[in-house]
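This is protein-v8.cif (mmCIF, C-alpha atoms).
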data_run
#
loop_
_atom_site.label_atom_id
_atom_site.label_comp_id
_atom_site.auth_asym_id
_atom_site.auth_seq_id
_atom_site.Cartn_x
_atom_site.Cartn_y
_atom_site.Cartn_z
CA MET A 260 14.63 -13.36 6.44
CA LEU A 261 13.83 -9.86 7.58
CA GLN A 262 15.07 -8.07 4.53
CA ASN A 263 12.61 -6.70 2.02
CA ASN A 264 11.58 -8.91 -0.83
CA GLN A 265 13.04 -7.84 -4.13
CA ARG A 266 10.37 -6.60 -6.45
CA GLY A 267 10.69 -7.16 -10.17
CA GLY A 268 11.63 -4.33 -12.51
CA GLN A 269 13.24 -2.04 -9.95
CA SER A 270 15.23 0.95 -11.11
CA LEU A 271 18.96 1.04 -10.41
CA ALA A 272 18.40 3.80 -7.84
CA GLN A 273 15.86 1.60 -6.02
CA GLN A 274 18.29 -1.33 -6.03
CA VAL A 275 21.03 0.89 -4.60
CA ALA A 276 18.55 2.22 -2.00
CA ASN A 277 17.83 -1.40 -0.97
CA LYS A 278 21.57 -2.04 -0.58
CA ILE A 279 22.04 1.01 1.63
CA GLU A 280 18.94 0.02 3.64
CA LEU A 281 20.46 -3.41 4.28
CA MET A 282 23.76 -1.81 5.30
CA ILE A 283 21.85 0.23 7.87
CA GLN A 284 19.95 -2.84 9.08
CA ASN A 285 23.26 -4.63 9.47
CA GLN A 286 24.66 -1.64 11.34
CA ILE A 287 27.41 -0.90 8.87
CA PHE A 288 25.89 2.59 9.19
CA LYS A 289 24.48 3.10 12.68
CA ILE A 290 21.47 5.09 13.90
CA GLY A 291 22.15 8.83 13.93
CA GLU A 292 25.47 8.39 12.11
CA GLN A 293 26.46 10.37 9.04
CA LEU A 294 26.67 8.45 5.74
CA PRO A 295 29.82 8.70 3.59
CA ASN A 296 29.58 11.43 0.94
CA GLU A 297 28.13 10.78 -2.54
CA PHE A 298 31.57 10.38 -4.04
CA ASP A 299 32.65 7.63 -1.62
CA LEU A 300 29.28 5.85 -1.72
CA ALA A 301 29.34 5.90 -5.53
CA ALA A 302 32.81 4.35 -5.53
CA GLU A 303 31.90 1.74 -2.91
CA LEU A 304 28.65 0.65 -4.61
CA ASN A 305 30.13 1.00 -8.09
CA VAL A 306 27.43 3.31 -9.50
CA GLY A 307 27.29 6.93 -10.60
CA ARG A 308 26.80 9.83 -8.19
CA GLY A 309 23.45 10.66 -9.79
CA THR A 310 22.19 7.18 -8.88
CA ILE A 311 23.42 7.63 -5.29
CA ARG A 312 21.65 10.99 -5.09
CA GLU A 313 18.40 9.45 -6.33
CA ALA A 314 18.72 6.46 -3.96
CA ILE A 315 19.26 8.81 -0.99
CA LYS A 316 16.07 10.69 -1.90
CA LEU A 317 14.11 7.42 -1.96
CA LEU A 318 15.48 6.52 1.48
CA ALA A 319 14.65 10.00 2.78
CA ALA A 320 11.04 9.61 1.57
CA ARG A 321 10.76 6.57 3.86
CA ASN A 322 12.58 8.32 6.72
CA ILE A 323 15.41 5.82 6.68
CA VAL A 324 17.87 8.70 6.27
CA ARG A 325 17.45 12.42 6.70
CA ILE A 326 19.18 14.95 4.48
CA GLN A 327 20.49 18.04 6.26
CA ARG A 328 21.27 20.79 3.79
CA GLY A 329 24.90 21.79 3.93
CA LYS A 330 25.70 19.15 6.55
CA GLY A 331 25.19 15.78 4.90
CA THR A 332 22.99 12.70 5.14
CA PHE A 333 22.36 10.94 8.44
CA VAL A 334 20.73 7.64 9.41
CA SER A 335 17.34 8.60 10.88
CA GLU A 336 16.79 8.26 14.65
CA THR A 337 13.62 6.26 13.93
CA PRO A 338 14.57 4.57 10.66
CA GLY A 339 11.71 3.39 8.49
CA LEU A 340 9.04 4.92 10.69
CA THR A 341 7.17 7.56 8.68
CA GLU A 342 4.58 9.98 10.04
CA ASP A 343 1.74 7.74 8.97
CA PRO A 344 3.37 4.31 8.89
CA LEU A 345 0.11 2.40 8.85
CA GLY A 346 -1.49 4.44 6.07
CA LEU A 347 -4.35 5.37 8.41
CA ASN A 348 -4.77 8.71 6.63
CA PHE A 349 -5.91 6.78 3.57
CA ILE A 350 -8.85 5.11 5.31
CA GLU A 351 -11.92 6.87 4.01
CA ASP A 352 -14.60 6.42 6.65
CA LYS A 353 -13.37 8.56 9.57
CA GLN A 354 -16.21 7.54 11.89
CA ARG A 355 -15.42 3.87 11.37
CA LEU A 356 -11.67 4.56 11.61
CA SER A 357 -12.27 6.28 14.94
CA HIS A 358 -14.32 3.33 16.22
CA ASP A 359 -11.79 0.73 15.13
CA LEU A 360 -8.83 2.75 16.44
CA MET A 361 -10.55 2.86 19.81
CA ALA A 362 -10.94 -0.93 19.73
CA VAL A 363 -7.20 -1.30 19.05
CA ARG A 364 -6.32 1.22 21.78
CA MET A 365 -8.43 -0.83 24.20
CA MET A 366 -6.32 -3.88 23.27
CA ILE A 367 -2.93 -2.27 23.76
CA GLU A 368 -2.98 0.78 26.03
CA PRO A 369 -4.10 -0.80 29.33
CA GLU A 370 -1.35 -3.42 28.98
CA ILE A 371 1.18 -0.75 27.98
CA CYS A 372 0.16 1.26 31.05
CA GLN A 373 0.71 -1.80 33.23
CA LEU A 374 4.21 -2.22 31.76
CA ALA A 375 4.87 1.49 32.37
CA ALA A 376 3.96 1.04 36.06
CA ARG A 377 6.57 -1.70 36.20
CA HIS A 378 9.36 -0.01 34.23
CA ALA A 379 8.98 3.80 34.34
CA THR A 380 12.01 5.64 35.71
CA GLU A 381 11.75 8.34 38.39
CA GLU A 382 12.52 10.89 35.70
CA GLU A 383 9.74 9.66 33.40
CA VAL A 384 7.24 9.79 36.26
CA GLN A 385 8.23 13.40 37.02
CA GLU A 386 7.70 14.30 33.37
CA MET A 387 4.28 12.60 33.35
CA VAL A 388 3.22 14.57 36.43
CA SER A 389 4.29 17.82 34.83
CA ILE A 390 2.58 17.11 31.46
CA CYS A 391 -0.55 16.17 33.39
CA HIS A 392 -0.53 19.61 35.06
CA GLU A 393 0.01 21.33 31.72
CA ILE A 394 -3.01 19.50 30.25
CA GLU A 395 -5.20 20.57 33.18
CA GLU A 396 -4.04 24.16 32.77
CA LEU A 397 -4.92 24.10 29.06
CA ILE A 398 -8.33 22.56 29.72
CA TYR A 399 -9.13 25.20 32.39
CA GLN A 400 -8.09 27.93 29.96
CA ASN A 401 -10.28 26.32 27.30
CA LYS A 402 -7.27 25.83 25.00
CA ASN A 403 -6.53 22.86 22.74
CA HIS A 404 -4.66 20.18 24.70
CA GLU A 405 -4.27 17.73 21.79
CA SER A 406 -0.48 17.83 21.46
CA LYS A 407 0.07 17.57 25.23
CA ASP A 408 -2.40 14.69 25.42
CA ILE A 409 -0.44 12.86 22.70
CA GLU A 410 2.77 13.66 24.60
CA LEU A 411 1.45 12.04 27.78
CA HIS A 412 0.25 8.86 26.06
CA SER A 413 3.50 8.63 24.05
CA LEU A 414 5.57 9.00 27.21
CA ILE A 415 3.61 6.19 28.89
CA ALA A 416 4.26 4.03 25.79
CA LYS A 417 7.97 4.84 25.93
CA ALA A 418 8.11 4.08 29.67
CA SER A 419 6.85 0.53 28.97
CA LYS A 420 10.39 -0.23 27.71
CA ASN A 421 8.95 -2.60 25.09
CA VAL A 422 10.96 -1.92 21.90
CA VAL A 423 7.95 -2.51 19.62
CA VAL A 424 5.53 -0.25 21.48
CA PRO A 425 7.04 3.10 20.34
CA SER A 426 6.21 1.99 16.78
CA LEU A 427 2.55 1.84 17.81
CA ILE A 428 2.49 5.48 18.95
CA PRO A 429 1.25 6.72 15.54
CA ILE A 430 -1.91 4.67 16.14
CA ILE A 431 -2.49 6.37 19.50
CA GLN A 432 -1.61 9.73 17.99
CA THR A 433 -4.05 9.44 15.07
CA ALA A 434 -6.74 8.19 17.45
CA ILE A 435 -6.32 11.12 19.85
CA SER A 436 -6.36 13.69 17.02
CA LEU A 437 -9.47 12.18 15.46
CA PHE A 438 -11.15 11.81 18.85
CA ILE A 439 -10.52 15.36 20.08
CA ASN A 440 -11.84 16.69 16.78
CA LEU A 441 -14.90 14.44 16.58
CA THR A 442 -15.99 15.12 20.17
CA ASN A 443 -15.11 18.79 20.00
CA ARG A 444 -13.30 18.54 23.34
CA ARG A 445 -16.03 17.67 25.79
CA LEU A 446 -15.12 15.32 28.65
CA LYS A 447 -13.01 17.82 30.55
CA GLU A 448 -13.46 16.57 34.13
CA GLU A 449 -13.18 12.92 33.11
CA THR A 450 -9.96 13.58 31.20
CA ILE A 451 -8.38 15.42 34.11
CA GLU A 452 -9.48 12.86 36.68
CA THR A 453 -8.51 9.69 34.80
CA HIS A 454 -5.17 11.14 33.62
CA ARG A 455 -4.40 11.82 37.29
CA GLU A 456 -5.35 8.29 38.27
CA ILE A 457 -3.12 6.81 35.56
CA VAL A 458 -0.07 8.86 36.47
CA GLU A 459 -0.60 8.30 40.22
CA ALA A 460 -0.78 4.51 39.69
CA ILE A 461 2.40 4.51 37.55
CA LYS A 462 4.14 6.63 40.21
CA ASN A 463 3.14 4.10 42.91
CA LYS A 464 4.19 1.20 40.67
CA ASP A 465 0.68 -0.21 41.09
CA GLU A 466 0.44 -2.27 37.90
CA LYS A 467 -3.12 -3.47 38.38
CA LEU A 468 -4.49 -0.02 39.11
CA ALA A 469 -2.52 1.49 36.21
CA LYS A 470 -4.15 -0.96 33.82
CA GLU A 471 -7.60 -0.33 35.25
CA ALA A 472 -7.19 3.45 35.21
CA MET A 473 -6.27 3.36 31.51
CA GLU A 474 -9.28 1.12 30.84
CA ARG A 475 -11.49 3.66 32.62
CA HIS A 476 -9.92 6.56 30.72
CA LEU A 477 -10.50 4.90 27.33
CA GLY A 478 -13.95 3.80 28.48
CA PHE A 479 -15.04 7.43 28.95
CA ASN A 480 -13.72 8.27 25.49
CA LYS A 481 -15.49 5.30 23.94
CA LYS A 482 -18.77 6.23 25.57
CA GLU A 483 -18.44 9.84 24.41
CA LEU A 484 -17.88 8.72 20.83
CA LYS A 485 -21.10 6.68 21.19
CA LEU A 486 -19.21 3.69 19.88
CA MET B 1496 -5.40 17.51 10.97
CA LEU B 1497 -4.44 14.20 9.49
CA GLN B 1498 -2.20 15.47 6.77
CA ASN B 1499 1.55 15.27 7.11
CA ASN B 1500 3.34 18.21 8.61
CA GLN B 1501 5.31 20.22 6.12
CA ARG B 1502 9.01 19.87 6.73
CA GLY B 1503 11.33 22.77 6.03
CA GLY B 1504 13.58 22.77 2.98
CA GLN B 1505 11.72 20.20 0.90
CA SER B 1506 12.59 19.73 -2.74
CA LEU B 1507 10.00 20.65 -5.34
CA ALA B 1508 9.50 16.96 -6.15
CA GLN B 1509 8.78 16.24 -2.47
CA GLN B 1510 6.28 19.10 -2.34
CA VAL B 1511 4.55 17.77 -5.45
CA ALA B 1512 4.58 14.26 -3.93
CA ASN B 1513 2.84 15.70 -0.84
CA LYS B 1514 0.18 17.29 -3.04
CA ILE B 1515 -0.52 14.04 -4.87
CA GLU B 1516 -0.60 12.19 -1.52
CA LEU B 1517 -3.25 14.62 -0.26
CA MET B 1518 -5.27 14.17 -3.47
CA ILE B 1519 -5.25 10.42 -2.83
CA GLN B 1520 -6.23 10.92 0.82
CA ASN B 1521 -9.09 13.12 -0.34
CA GLN B 1522 -10.10 10.49 -2.88
CA ILE B 1523 -9.57 12.66 -5.92
CA PHE B 1524 -7.61 9.58 -7.00
CA LYS B 1525 -9.14 6.43 -5.50
CA ILE B 1526 -7.56 3.18 -4.35
CA GLY B 1527 -6.52 0.97 -7.26
CA GLU B 1528 -7.25 3.73 -9.78
CA GLN B 1529 -4.82 4.80 -12.48
CA LEU B 1530 -3.27 8.26 -12.13
CA PRO B 1531 -3.41 10.71 -15.07
CA ASN B 1532 -0.30 10.55 -17.27
CA GLU B 1533 2.81 12.67 -16.57
CA PHE B 1534 1.80 15.24 -19.13
CA ASP B 1535 -1.63 15.89 -17.61
CA LEU B 1536 -0.33 15.82 -14.03
CA ALA B 1537 2.42 18.28 -14.96
CA ALA B 1538 -0.14 20.64 -16.48
CA GLU B 1539 -2.53 20.30 -13.53
CA LEU B 1540 0.12 20.86 -10.85
CA ASN B 1541 1.96 23.46 -12.91
CA VAL B 1542 5.40 21.83 -12.78
CA GLY B 1543 7.69 20.11 -15.27
CA ARG B 1544 7.32 16.47 -16.26
CA GLY B 1545 10.72 15.65 -14.71
CA THR B 1546 9.42 16.86 -11.33
CA ILE B 1547 6.29 14.72 -11.70
CA ARG B 1548 8.44 11.70 -12.54
CA GLU B 1549 10.60 12.26 -9.47
CA ALA B 1550 7.54 12.81 -7.23
CA ILE B 1551 5.98 9.56 -8.47
CA LYS B 1552 9.18 7.69 -7.57
CA LEU B 1553 9.07 9.12 -4.05
CA LEU B 1554 5.44 8.00 -3.70
CA ALA B 1555 6.31 4.55 -5.06
CA ALA B 1556 9.09 4.21 -2.45
CA ARG B 1557 6.41 4.61 0.23
CA ASN B 1558 3.99 2.30 -1.58
CA ILE B 1559 1.44 5.07 -2.03
CA VAL B 1560 1.44 4.39 -5.77
CA ARG B 1561 2.80 1.51 -7.77
CA ILE B 1562 4.42 1.95 -11.17
CA GLN B 1563 3.56 -0.72 -13.72
CA ARG B 1564 5.98 -0.64 -16.62
CA GLY B 1565 4.20 0.01 -19.89
CA LYS B 1566 0.83 0.37 -18.17
CA GLY B 1567 1.02 3.45 -16.01
CA THR B 1568 0.89 4.47 -12.36
CA PHE B 1569 -1.84 3.24 -10.00
CA VAL B 1570 -2.87 4.14 -6.47
CA SER B 1571 -1.65 1.26 -4.30
CA GLU B 1572 -4.21 -1.18 -2.83
CA THR B 1573 -2.66 -0.62 0.62
CA PRO B 1574 -1.47 2.97 0.28
CA GLY B 1575 1.28 4.07 2.65
CA LEU B 1576 1.79 0.61 4.08
CA THR B 1577 5.33 -0.53 3.28
CA GLU B 1578 6.76 -3.99 3.89
CA ASP B 1579 8.29 -2.94 7.18
CA PRO B 1580 6.09 0.00 8.20
CA LEU B 1581 7.21 0.00 11.82
CA GLY B 1582 10.93 -0.13 11.05
CA LEU B 1583 11.21 -3.39 13.03
CA ASN B 1584 14.03 -4.57 10.74
CA PHE B 1585 16.15 -1.77 12.17
CA ILE B 1586 15.89 -2.95 15.78
CA GLU B 1587 19.26 -4.45 16.59
CA ASP B 1588 18.67 -6.92 19.40
CA LYS B 1589 16.69 -9.74 17.73
CA GLN B 1590 16.21 -11.71 20.97
CA ARG B 1591 14.70 -8.69 22.68
CA LEU B 1592 12.68 -7.82 19.56
CA SER B 1593 11.27 -11.34 19.56
CA HIS B 1594 10.35 -11.07 23.25
CA ASP B 1595 8.69 -7.69 22.88
CA LEU B 1596 6.87 -8.69 19.69
CA MET B 1597 5.42 -11.64 21.58
CA ALA B 1598 4.22 -9.29 24.32
CA VAL B 1599 2.46 -7.14 21.70
CA ARG B 1600 0.96 -10.21 19.98
CA MET B 1601 -0.41 -11.29 23.37
CA MET B 1602 -2.11 -7.90 23.64
CA ILE B 1603 -3.74 -7.91 20.22
CA GLU B 1604 -4.18 -11.38 18.74
CA PRO B 1605 -6.58 -12.97 21.28
CA GLU B 1606 -8.90 -9.96 20.92
CA ILE B 1607 -8.53 -10.04 17.13
CA CYS B 1608 -9.40 -13.75 17.19
CA GLN B 1609 -12.51 -12.97 19.26
CA LEU B 1610 -13.57 -10.37 16.67
CA ALA B 1611 -12.93 -12.90 13.91
CA ALA B 1612 -15.27 -15.38 15.61
CA ARG B 1613 -17.93 -12.65 15.54
CA HIS B 1614 -17.40 -11.38 12.00
CA ALA B 1615 -15.76 -14.06 9.81
CA THR B 1616 -17.74 -14.95 6.70
CA GLU B 1617 -18.50 -18.54 5.68
CA GLU B 1618 -15.97 -18.12 2.89
CA GLU B 1619 -13.21 -16.93 5.23
CA VAL B 1620 -13.84 -19.87 7.56
CA GLN B 1621 -13.53 -22.30 4.64
CA GLU B 1622 -10.23 -20.70 3.67
CA MET B 1623 -8.94 -20.94 7.26
CA VAL B 1624 -9.82 -24.64 7.40
CA SER B 1625 -7.97 -25.28 4.17
CA ILE B 1626 -4.85 -23.28 5.17
CA CYS B 1627 -4.87 -25.18 8.46
CA HIS B 1628 -4.73 -28.49 6.55
CA GLU B 1629 -1.94 -27.21 4.33
CA ILE B 1630 0.11 -26.25 7.41
CA GLU B 1631 -0.37 -29.71 8.92
CA GLU B 1632 0.68 -31.31 5.65
CA LEU B 1633 3.85 -29.18 5.55
CA ILE B 1634 4.69 -29.98 9.17
CA TYR B 1635 4.23 -33.74 8.60
CA GLN B 1636 6.48 -33.51 5.55
CA ASN B 1637 9.01 -31.58 7.63
CA LYS B 1638 8.80 -28.60 5.28
CA ASN B 1639 8.86 -24.91 6.21
CA HIS B 1640 5.33 -23.71 7.01
CA GLU B 1641 6.28 -20.08 7.72
CA SER B 1642 4.44 -18.44 4.83
CA LYS B 1643 1.27 -20.52 5.38
CA ASP B 1644 1.40 -19.75 9.10
CA ILE B 1645 1.56 -16.04 8.32
CA GLU B 1646 -1.31 -16.51 5.86
CA LEU B 1647 -3.53 -18.06 8.53
CA HIS B 1648 -2.85 -15.36 11.13
CA SER B 1649 -3.30 -12.62 8.49
CA LEU B 1650 -6.63 -14.10 7.40
CA ILE B 1651 -7.84 -14.15 11.02
CA ALA B 1652 -6.81 -10.49 11.31
CA LYS B 1653 -8.69 -9.64 8.12
CA ALA B 1654 -11.76 -11.53 9.29
CA SER B 1655 -11.95 -9.29 12.38
CA LYS B 1656 -13.32 -6.58 10.05
CA ASN B 1657 -11.54 -3.91 12.08
CA VAL B 1658 -10.08 -1.47 9.51
CA VAL B 1659 -6.96 -0.78 11.60
CA VAL B 1660 -6.06 -4.41 12.27
CA PRO B 1661 -4.76 -5.25 8.75
CA SER B 1662 -2.15 -2.54 9.33
CA LEU B 1663 -0.90 -4.55 12.30
CA ILE B 1664 -0.26 -7.66 10.21
CA PRO B 1665 3.40 -6.73 9.58
CA ILE B 1666 3.94 -7.03 13.35
CA ILE B 1667 2.49 -10.54 13.37
CA GLN B 1668 4.42 -11.39 10.21
CA THR B 1669 7.80 -10.25 11.57
CA ALA B 1670 7.09 -12.05 14.83
CA ILE B 1671 6.25 -15.36 13.12
CA SER B 1672 9.34 -15.18 10.87
CA LEU B 1673 11.63 -14.40 13.80
CA PHE B 1674 9.98 -17.04 15.96
CA ILE B 1675 10.12 -19.88 13.46
CA ASN B 1676 13.78 -19.12 12.85
CA LEU B 1677 14.78 -18.72 16.50
CA THR B 1678 13.06 -21.94 17.61
CA ASN B 1679 14.11 -23.86 14.53
CA ARG B 1680 10.56 -25.15 14.07
CA ARG B 1681 9.97 -27.27 17.15
CA LEU B 1682 6.44 -27.26 18.62
CA LYS B 1683 4.84 -29.27 15.85
CA GLU B 1684 2.01 -30.98 17.74
CA GLU B 1685 1.17 -27.85 19.71
CA THR B 1686 1.00 -25.76 16.54
CA ILE B 1687 -1.29 -28.24 14.81
CA GLU B 1688 -3.54 -28.68 17.82
CA THR B 1689 -3.96 -25.03 18.77
CA HIS B 1690 -4.42 -23.89 15.15
CA ARG B 1691 -7.25 -26.43 14.91
CA GLU B 1692 -8.80 -25.15 18.13
CA ILE B 1693 -8.67 -21.56 16.90
CA VAL B 1694 -10.26 -22.28 13.52
CA GLU B 1695 -12.89 -24.57 15.07
CA ALA B 1696 -13.90 -21.85 17.56
CA ILE B 1697 -14.13 -19.21 14.81
CA LYS B 1698 -16.21 -21.62 12.72
CA ASN B 1699 -18.59 -22.14 15.66
CA LYS B 1700 -18.70 -18.39 16.33
CA ASP B 1701 -17.58 -19.14 19.88
CA GLU B 1702 -15.93 -15.82 20.73
CA LYS B 1703 -14.75 -16.74 24.21
CA LEU B 1704 -13.16 -20.00 23.11
CA ALA B 1705 -11.57 -18.31 20.07
CA LYS B 1706 -9.88 -15.80 22.35
CA GLU B 1707 -8.72 -18.51 24.76
CA ALA B 1708 -7.44 -20.76 21.97
CA MET B 1709 -5.31 -17.93 20.59
CA GLU B 1710 -4.00 -17.22 24.10
CA ARG B 1711 -3.06 -20.89 24.44
CA HIS B 1712 -1.43 -20.91 20.98
CA LEU B 1713 0.71 -17.87 21.78
CA GLY B 1714 1.39 -19.26 25.26
CA PHE B 1715 3.10 -22.33 23.76
CA ASN B 1716 5.20 -20.09 21.54
CA LYS B 1717 6.14 -17.84 24.42
CA LYS B 1718 7.19 -20.79 26.56
CA GLU B 1719 9.24 -22.23 23.71
CA LEU B 1720 11.10 -18.96 23.28
CA LYS B 1721 11.85 -19.12 27.04
CA LEU B 1722 10.57 -15.59 27.34
#
Any chance you could put this one into structure tokens?
Amino acid sequence: MLQNNQRGGQSLAQQVANKIELMIQNQIFKIGEQLPNEFDLAAELNVGRGTIREAIKLLAARNIVRIQRGKGTFVSETPGLTEDPLGLNFIEDKQRLSHDLMAVRMMIEPEICQLAARHATEEEVQEMVSICHEIEELIYQNKNHESKDIELHSLIAKASKNVVVPSLIPIIQTAISLFINLTNRRLKEETIETHREIVEAIKNKDEKLAKEAMERHLGFNKKELKL
Amino acid sequence: MLQNNQRGGQSLAQQVANKIELMIQNQIFKIGEQLPNEFDLAAELNVGRGTIREAIKLLAARNIVRIQRGKGTFVSETPGLTEDPLGLNFIEDKQRLSHDLMAVRMMIEPEICQLAARHATEEEVQEMVSICHEIEELIYQNKNHESKDIELHSLIAKASKNVVVPSLIPIIQTAISLFINLTNRRLKEETIETHREIVEAIKNKDEKLAKEAMERHLGFNKKELKL
């Protein structure tokens, strides 16, 4: 039911790639594990080594496996999740994309933040506090805080312990990048203050406040974008 | 800012694939449009035709282009969006996946349904009404309504007119497939009744009721899964 539909007219390499993908889904090859070498895979799947090599490249293009030169081929740590899994980079109207991304963030991030307040470990909270400080430092020094901002929001998503939520991080990531660039990094005080509120609420396991703080944080961003 | 990071040690074909991907993102080649033939692409990008052929295969694996035998290569209608963009098929624990997918659906679908009540066209509403009838028919005949169910929820997502939301449809799709299989298709009356409520509210442009009806619909499902 979950496996990919077969498309008509697929090349042999694509068919072999599908087979290997299914083997990974069925945990015959596990996450992070090294695949057998070309020779053994060719024998097992009854095709030539050239076909195996081509199939592996197709799987690497979709980040199902990663090829390490001189070491071998490994099942990816985040199989099937590419850098732009939702094809957001292909949406033409960046202003509209930014608006609609914000609408989706408003749907998911307050709830994710509430889950993080419930499930974050001591260690995760400590890391959030320290990233929060780093962001403040960067803002005071008038440096770009984009990657640290993404790190904080991604960590909150991870702390929710919902297995689907990490797959949504690229949405948050694209939204933050677009936002910081479109607004040219105004909103310094509001960012510092609402980040602090969010992390404090998660630390205190105050689910309601965590949700509200994230709503406030996104609200400032939304207002700044004049959305 | 939005382009993919260069990874170290990429093959020439992968580098050429990246270049073509950027050309598509920058609308040098537009959605649905046919790419120049191998010969012209090879000349333009200053590489051999074999490299172009390999690059095109890598792009096809990620659904950025689609190869039509005997016709040529076209920019995909949904570039970069693969059948399982979030790698959900690779999550091992299906019970937990089902639970967490439901949590994410609860975050997004009521709000999406509210947007659909605001933005759905007359034509979309007519289509929803007719899919709704088809689902009822299938349920009464004790046939599998999975694909029609997915069609209805996808149409509601499309009717929201948010450009990011269609990218979230694979989440809804995976969730419905998993759900219908895990519950072995109980919940017939509730499905019929709440689907009707949803479509009726969208038809009447009643945003509040549309949101609530979707919450109720998902609530029945959640209860049935004993989540």
Translate the PyMOL selection byres ((chain A and resi 286) around 12), as applied to the file shown, into an explicit residue set as a list in words.
Ile279, Glu280, Leu281, Met282, Ile283, Gln284, Asn285, Ile287, Phe288, Lys289, Ile290, Gly291, Glu292, Leu294, Val334 and Pro338 of chain A; Asn1584, Phe1585, Ile1586, Glu1587 and Asp1588 of chain B
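Going from atom CA of B:Gly1567 over to atom CA of A:Val275, you cover 23.2 Å.
Interatomic distance, atom CA of A:Ile315 to atom CA of B:Glu1578: 18.5 Å.
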Name the residues captured by the PyMOL selection byres ((chain A and resi 276) around 10) when it is applied to the shown file; answer as a VMD selection string.
(chain A and resid 270 to 275 277 to 282 310 to 319 323) or (chain B and resid 1556)
Using all atoms listed in the file: which of B:Ala1538, B:Leu1596, B:Thr1616, B:Asn1532 has the shortest distance to B:Phe1569:
B:Asn1532
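Compared by their closest atoms to chain B, and using all atoms listed in the file, the residues A:Leu441, A:Ala379, A:Val388, A:Val422 rank with A:Val422 nearest.
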Explicit residue set for the PyMOL selection byres ((chain A and resi 479) around 12), as an MDAnalysis selection string
chainID A and resid 361 365 438 442 445:454 472:478 480:486
Residues from the last selection, C-alpha atoms, saved as a compact mmCIF listing (two decimals), keeping the file's coordinate frame:
# COMPACT_ATOMS: atom_id res chain seq x y z
CA MET A 361 -10.55 2.86 19.81
CA MET A 365 -8.43 -0.83 24.20
CA PHE A 438 -11.15 11.81 18.85
CA THR A 442 -15.99 15.12 20.17
CA ARG A 445 -16.03 17.67 25.79
CA LEU A 446 -15.12 15.32 28.65
CA LYS A 447 -13.01 17.82 30.55
CA GLU A 448 -13.46 16.57 34.13
CA GLU A 449 -13.18 12.92 33.11
CA THR A 450 -9.96 13.58 31.20
CA ILE A 451 -8.38 15.42 34.11
CA GLU A 452 -9.48 12.86 36.68
CA THR A 453 -8.51 9.69 34.80
CA HIS A 454 -5.17 11.14 33.62
CA ALA A 472 -7.19 3.45 35.21
CA MET A 473 -6.27 3.36 31.51
CA GLU A 474 -9.28 1.12 30.84
CA ARG A 475 -11.49 3.66 32.62
CA HIS A 476 -9.92 6.56 30.72
CA LEU A 477 -10.50 4.90 27.33
CA GLY A 478 -13.95 3.80 28.48
CA ASN A 480 -13.72 8.27 25.49
CA LYS A 481 -15.49 5.30 23.94
CA LYS A 482 -18.77 6.23 25.57
CA GLU A 483 -18.44 9.84 24.41
CA LEU A 484 -17.88 8.72 20.83
CA LYS A 485 -21.10 6.68 21.19
CA LEU A 486 -19.21 3.69 19.88
Taking into account only C-alpha atoms, which residue in the set B:His1614, B:Lys1700, B:Lys1589, B:Arg1544 is nearest to chain A?
B:Lys1589
Near stretch 1640-1656 of chain B, counting all atoms listed in the file, which residues have an atom at most 8 Å away, once you skip same-chain residues fewer than 5 positions from it, shown as a ChimeraX atom specification?
/B:1604,1607-1616,1619,1623,1626-1627,1629-1630,1633-1634,1661,1664,1667-1668,1671-1672,1675
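Minimum distance to chain A across B:Leu1592, B:Leu1536, B:Ala1696, B:Leu1704 (counting all atoms listed in the file) occurs at B:Leu1592.
Atom CA of A:Thr337 is found 12.5 Å from atom CA of A:Pro429.
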From the list B:Thr1669, B:Ser1625, B:Asn1541, B:Asn1558, which residue is nearest B:Gly1582 when using all atoms listed in the file?
B:Thr1669
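You can rank A:Gln269, A:Asn401, A:Gln385, A:Ser426 by their closest distance to chain B using only C-alpha atoms, and at the top of that list sits A:Ser426.
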